[in-house]
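K.L.:
Sharing target-v1.cif here; it has mmCIF, C-alpha atoms.
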```cif
data_input
loop_
_atom_site.label_atom_id
_atom_site.label_comp_id
_atom_site.auth_asym_id
_atom_site.auth_seq_id
_atom_site.Cartn_x
_atom_site.Cartn_y
_atom_site.Cartn_z
CA MET F 15 164.59 61.74 72.71
CA ALA F 16 162.35 60.10 70.09
CA ARG F 17 158.93 58.87 71.24
CA ARG F 18 159.80 55.30 70.24
CA ASP F 19 162.95 55.38 72.38
CA ILE F 20 161.02 56.76 75.35
CA ALA F 21 158.42 54.01 75.08
CA SER F 22 161.17 51.38 74.94
CA ARG F 23 162.80 52.72 78.09
CA VAL F 24 159.47 52.81 79.93
CA GLU F 25 159.12 49.09 79.24
CA HIS F 26 162.23 48.54 81.41
CA SER F 27 161.21 50.75 84.31
CA THR F 28 161.48 50.54 88.08
CA LEU F 29 159.02 47.84 89.08
CA LEU F 30 158.87 45.94 85.80
CA GLY F 31 162.61 45.45 85.96
CA SER F 32 162.29 43.29 89.08
CA ARG F 33 159.01 41.43 88.51
CA PRO F 34 157.39 39.60 85.58
CA ARG F 35 154.74 41.57 83.70
CA ALA F 36 152.25 38.75 84.33
CA ALA F 37 152.38 39.58 88.03
CA TYR F 38 150.57 42.81 87.19
CA HIS F 39 148.24 42.75 84.20
CA ARG F 40 146.81 39.27 84.85
CA GLY F 41 145.78 39.95 88.43
CA LYS F 42 142.20 39.55 89.62
CA VAL F 43 140.00 42.60 89.68
CA LEU F 44 139.75 44.01 93.21
CA SER F 45 136.36 43.34 94.80
CA ARG F 46 134.12 45.96 96.35
CA ASP F 47 135.13 44.64 99.78
CA PHE F 48 138.69 45.84 99.16
CA TYR F 49 137.44 49.43 99.17
CA ASN F 50 135.05 49.02 102.10
CA ARG F 51 137.75 49.82 104.67
CA GLU F 52 139.38 52.85 106.21
CA THR F 53 140.55 55.16 103.44
CA GLU F 54 144.14 55.32 104.68
CA VAL F 55 144.41 51.52 104.56
CA VAL F 56 142.99 51.37 101.05
CA ALA F 57 145.35 54.13 99.86
CA ARG F 58 148.37 52.24 101.13
CA ASP F 59 147.18 48.87 99.78
CA MET F 60 146.48 50.32 96.33
CA LEU F 61 150.23 50.80 95.83
CA GLY F 62 151.44 48.20 93.37
CA THR F 63 147.98 47.40 92.01
CA VAL F 64 147.11 48.06 88.37
CA LEU F 65 144.69 50.71 87.12
CA GLU F 66 143.32 49.68 83.73
CA CYS F 67 141.08 51.61 81.36
CA GLU F 68 139.47 50.20 78.21
CA THR F 69 138.06 52.55 75.58
CA ASP F 70 137.22 52.24 71.89
CA ASP F 71 140.89 53.05 71.21
CA GLY F 72 142.18 50.08 73.23
CA VAL F 73 143.43 49.16 76.69
CA ALA F 74 145.96 51.18 78.70
CA SER F 75 147.13 50.44 82.21
CA GLY F 76 149.72 51.35 84.80
CA ILE F 77 151.01 50.26 88.19
CA ILE F 78 149.83 52.61 90.92
CA VAL F 79 152.89 54.15 92.58
CA GLU F 80 151.36 57.15 94.38
CA THR F 81 148.04 57.74 96.15
CA GLU F 82 146.43 60.21 98.51
CA ALA F 83 143.62 59.60 101.00
CA TYR F 84 140.72 62.06 101.40
CA LEU F 85 138.70 61.32 104.50
CA GLY F 86 135.28 62.97 104.42
CA GLU F 87 133.43 66.08 105.50
CA HIS F 88 135.84 66.84 108.36
CA ASP F 89 138.80 66.81 105.95
CA LEU F 90 138.90 70.33 104.53
CA ALA F 91 140.93 69.15 101.53
CA CYS F 92 138.23 66.64 100.59
CA HIS F 93 135.45 67.71 98.23
CA ALA F 94 132.98 66.35 100.79
CA ALA F 95 133.84 69.29 103.06
CA ALA F 96 131.35 71.24 100.93
CA GLY F 97 128.65 68.70 101.75
CA ARG F 98 126.52 66.59 99.45
CA THR F 99 126.23 68.33 96.09
CA ALA F 100 125.80 67.32 92.47
CA ARG F 101 129.59 67.27 92.14
CA THR F 102 130.24 65.20 95.28
CA GLU F 103 127.31 62.81 95.01
CA HIS F 104 129.44 59.82 94.06
CA LEU F 105 131.73 60.38 97.05
CA TYR F 106 128.75 59.37 99.17
CA GLY F 107 128.08 56.30 97.08
CA PRO F 108 129.00 52.68 97.75
CA PRO F 109 132.65 51.66 98.00
CA GLY F 110 134.46 50.54 94.89
CA ILE F 111 133.11 53.05 92.40
CA ALA F 112 134.98 55.73 90.46
CA TYR F 113 134.91 59.40 91.40
CA VAL F 114 136.22 61.45 88.48
CA TYR F 115 136.35 65.23 88.63
CA PHE F 116 137.61 68.12 86.50
CA ILE F 117 140.34 70.58 87.54
CA TYR F 118 141.61 73.83 86.07
CA GLY F 119 139.08 73.48 83.27
CA MET F 120 141.51 71.10 81.58
CA TYR F 121 142.16 67.77 83.36
CA TRP F 122 140.28 64.82 84.79
CA CYS F 123 141.39 63.22 88.07
CA PHE F 124 140.56 59.65 89.08
CA ASN F 125 139.62 58.51 92.59
CA ALA F 126 138.40 55.22 94.06
CA VAL F 127 135.54 55.67 96.55
CA THR F 128 136.07 54.01 99.95
CA ARG F 129 134.14 53.08 103.11
CA GLU F 130 130.42 52.44 103.37
CA ALA F 131 127.79 54.39 101.44
CA GLY F 132 127.09 57.71 103.14
CA GLU F 133 130.67 58.07 104.42
CA PRO F 134 132.22 60.31 101.73
CA SER F 135 135.87 59.46 101.17
CA ALA F 136 138.14 58.39 98.36
CA VAL F 137 141.68 57.63 97.24
CA LEU F 138 143.17 59.89 94.58
CA VAL F 139 145.56 58.09 92.24
CA ARG F 140 148.39 60.54 91.69
CA ALA F 141 150.89 58.58 89.59
CA LEU F 142 151.33 55.38 87.61
CA GLU F 143 154.21 53.40 86.19
CA PRO F 144 153.10 52.63 82.59
CA LEU F 145 152.38 48.98 81.92
CA ASP F 146 150.24 48.22 78.86
CA GLY F 147 149.09 50.39 75.97
CA ILE F 148 152.15 52.63 76.13
CA ALA F 149 151.97 53.57 72.45
CA LEU F 150 148.33 54.61 72.98
CA MET F 151 149.38 56.72 75.97
CA HIS F 152 151.97 58.52 73.83
CA LYS F 153 149.35 59.17 71.17
CA ARG F 154 147.16 60.83 73.78
CA ARG F 155 150.06 62.82 75.28
CA PRO F 156 152.27 63.59 72.25
CA ARG F 157 154.15 66.54 73.75
CA ILE F 158 155.75 64.92 76.79
CA LYS F 159 159.34 65.97 77.47
CA SER F 160 160.57 62.84 79.26
CA GLU F 161 159.53 59.24 79.82
CA THR F 162 158.49 59.88 83.41
CA ASP F 163 156.27 62.77 82.31
CA LEU F 164 153.80 60.35 80.75
CA THR F 165 151.85 59.41 83.90
CA ASN F 166 153.51 61.15 86.87
CA GLY F 167 150.53 63.29 87.85
CA PRO F 168 146.78 62.76 88.32
CA GLY F 169 145.78 64.77 85.25
CA LYS F 170 148.55 63.23 83.17
CA LEU F 171 147.61 59.65 83.95
CA SER F 172 143.93 60.26 83.30
CA THR F 173 144.72 61.69 79.88
CA ALA F 174 147.14 58.86 79.09
CA LEU F 175 144.64 56.16 80.07
CA GLY F 176 141.62 57.87 78.50
CA ILE F 177 139.76 58.45 81.78
CA VAL F 178 136.93 60.99 81.39
CA GLY F 179 134.08 62.41 83.41
CA SER F 180 131.46 60.02 82.04
CA MET F 181 133.21 57.24 83.98
CA THR F 182 132.42 58.77 87.37
CA GLY F 183 130.10 56.61 89.47
CA LYS F 184 130.97 53.48 87.50
CA PRO F 185 131.83 50.33 89.50
CA LEU F 186 135.50 49.42 89.43
CA GLN F 187 134.74 45.74 88.97
CA ARG F 188 133.99 45.90 85.25
CA LYS F 189 134.88 47.90 82.15
CA PRO F 190 135.76 50.60 81.38
CA LEU F 191 137.75 51.01 84.63
CA VAL F 192 139.13 48.25 86.84
CA ILE F 193 141.91 47.95 89.38
CA ARG F 194 143.74 44.63 89.45
CA GLU F 195 145.59 43.05 92.34
CA ALA F 196 149.31 42.32 92.15
CA GLU F 197 152.10 41.27 94.44
CA PRO F 198 151.96 43.40 97.62
CA ILE F 199 154.48 46.16 98.17
CA ASP F 200 156.65 45.63 101.25
CA ASP F 201 156.26 48.21 104.03
CA ALA F 202 159.95 49.07 103.72
CA LEU F 203 159.28 50.38 100.21
CA VAL F 204 156.34 52.58 101.20
CA GLU F 205 156.91 56.24 102.01
CA ILE F 206 154.22 58.31 103.75
CA THR F 207 154.23 62.12 103.49
CA THR F 208 151.83 65.02 103.71
CA ARG F 209 149.57 65.56 100.72
CA ILE F 210 150.67 67.97 98.03
CA GLY F 211 148.96 70.51 95.79
CA ILE F 212 146.49 71.56 98.50
CA THR F 213 146.26 74.37 101.05
CA LYS F 214 143.70 73.05 103.55
CA SER F 215 144.53 70.17 105.93
CA ALA F 216 147.88 70.20 104.15
CA ASP F 217 149.80 68.82 107.13
CA TRP F 218 147.93 65.50 107.25
CA PRO F 219 150.25 62.57 106.39
CA LEU F 220 148.00 60.91 103.82
CA ARG F 221 150.17 60.61 100.72
CA TYR F 222 151.57 57.15 99.96
CA THR F 223 154.34 56.47 97.45
CA ILE F 224 156.62 53.63 96.40
CA ARG F 225 159.98 54.79 97.65
CA GLY F 226 162.43 55.67 94.88
CA ASN F 227 160.02 55.02 92.01
CA ARG F 228 160.83 57.53 89.27
CA PHE F 229 157.21 57.89 88.16
CA VAL F 230 156.12 59.43 91.48
CA SER F 231 154.96 63.01 90.96
CA ARG F 232 157.24 65.81 92.07
CA GLY F 233 155.07 68.89 92.36
CA LYS F 234 151.63 70.43 92.46
CA LEU F 235 148.43 68.80 91.32
CA SER F 236 148.77 69.18 87.59
CA GLY F 237 148.15 67.70 84.21
#
```
Let me see the file written as structure tokens.
P.N.:
Amino acid sequence: MARRDIASRVEHSTLLGSRPRAAYHRGKVLSRDFYNRETEVVARDMLGTVLECETDDGVASGIIVETEAYLGEHDLACHAAAGRTARTEHLYGPPGIAYVYFIYGMYWCFNAVTREAGEPSAVLVRALEPLDGIALMHKRRPRIKSETDLTNGPGKLSTALGIVGSMTGKPLQRKPLVIREAEPIDDALVEITTRIGITKSADWPLRYTIRGNRFVSRGKLSG
């Protein structure tokens, strides 16, 4: 399928087909108070909100359709299980900042830090439904095999949006990274499962998805 055709089909995707685009990309930026709550609650409430990244190349955004909660030092799948280090420093920071880390020596992953400062926890954004800047996303990910492959993984969406390590620790209330509110997702449309792509604390039900959305990731943590 040609890239232009893929981009056209993405424009008429799952959530956008039932709601006006203005309901998403014109929403208010979420305040720091939104993130200063239990991580599980924030992870669920982030579904349907819009992650937006502005770089010198332009603005790209997507509707969050999949998240995972990571709960702190007692959660062996959370980076904070290793304690406070140079890598995890921002996990201990105030709520509402970005925590961006590198995996496999290839991909960046984006997280929103939750709870009060000193309580290391965050929400990993695992998948997006593309919203704005779709042509720019394709330019950044020119080898995708299908329309859903554009942003259906944490490494994929970070590449598509232009999220990089220098953004870690930045507040999510101003550029380059913001998350915007949108119409809430009904509980009937939310599916909760165990987290994927991990081996420790793997049976904890902390993965939240929009049921039936075709941009939800299907496998291991990957780019």
K.L.:
What's around region 141-155 of chain F at 7 Å? Count all atoms listed in the file, leave out sequence neighbours fewer than 3 positions away in its own chain, and write the answer as a PyMOL selection string.
P.N.:
chain F and resi 21+24+73-80+158+165-168+171+173-175+229-231
K.L.:
Grab all the atoms of region 49-52 of chain F that the file lists, wrap them in a box along x, y and z, add 5 Å per side, and give me centre plus edge lengths in Å (one decimal) as AutoDock Vina command-line options.
P.N.:
```
--center_x 137.2 --center_y 50.9 --center_z 102.7 --size_x 14.3 --size_y 13.8 --size_z 17.0
```
K.L.:
Apply the PyMOL selection byres ((chain F and resi 126-137) around 9) to the structure shown and report the selected residues as a PyMOL selection string.
P.N.:
chain F and resi 48-54+56-57+60+81-87+92-94+98+102-114+124-125+138-139+183+186
K.L.:
Report, in Å to a single decimal, how far apart CA of Arg194 (chain F) and CA of Arg225 (chain F) are.
P.N.:
20.8 Å
K.L.:
What separation in Å, quoted to one decimal, exists between CA of Val204 (chain F) and CA of Tyr222 (chain F)?
P.N.:
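Between CA of Val204 (chain F) and CA of Tyr222 (chain F) the gap works out to 6.7 Å.
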K.L.:
Looking at F:Leu29, F:Ala95, F:Glu68, F:Ile210, which one is nearest to Arg188 (chain F), with distances taken over only C-alpha atoms?
P.N.:
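Result for the nearest residue to Arg188 (chain F): F:Glu68.
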K.L.:
Using all atoms listed in the file, which of F:Pro219, F:Gly226, F:Pro190, F:Pro185 sits nearest Ala202 (chain F)?
P.N.:
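The shortest atom-to-atom distance to Ala202 (chain F) comes from F:Gly226.
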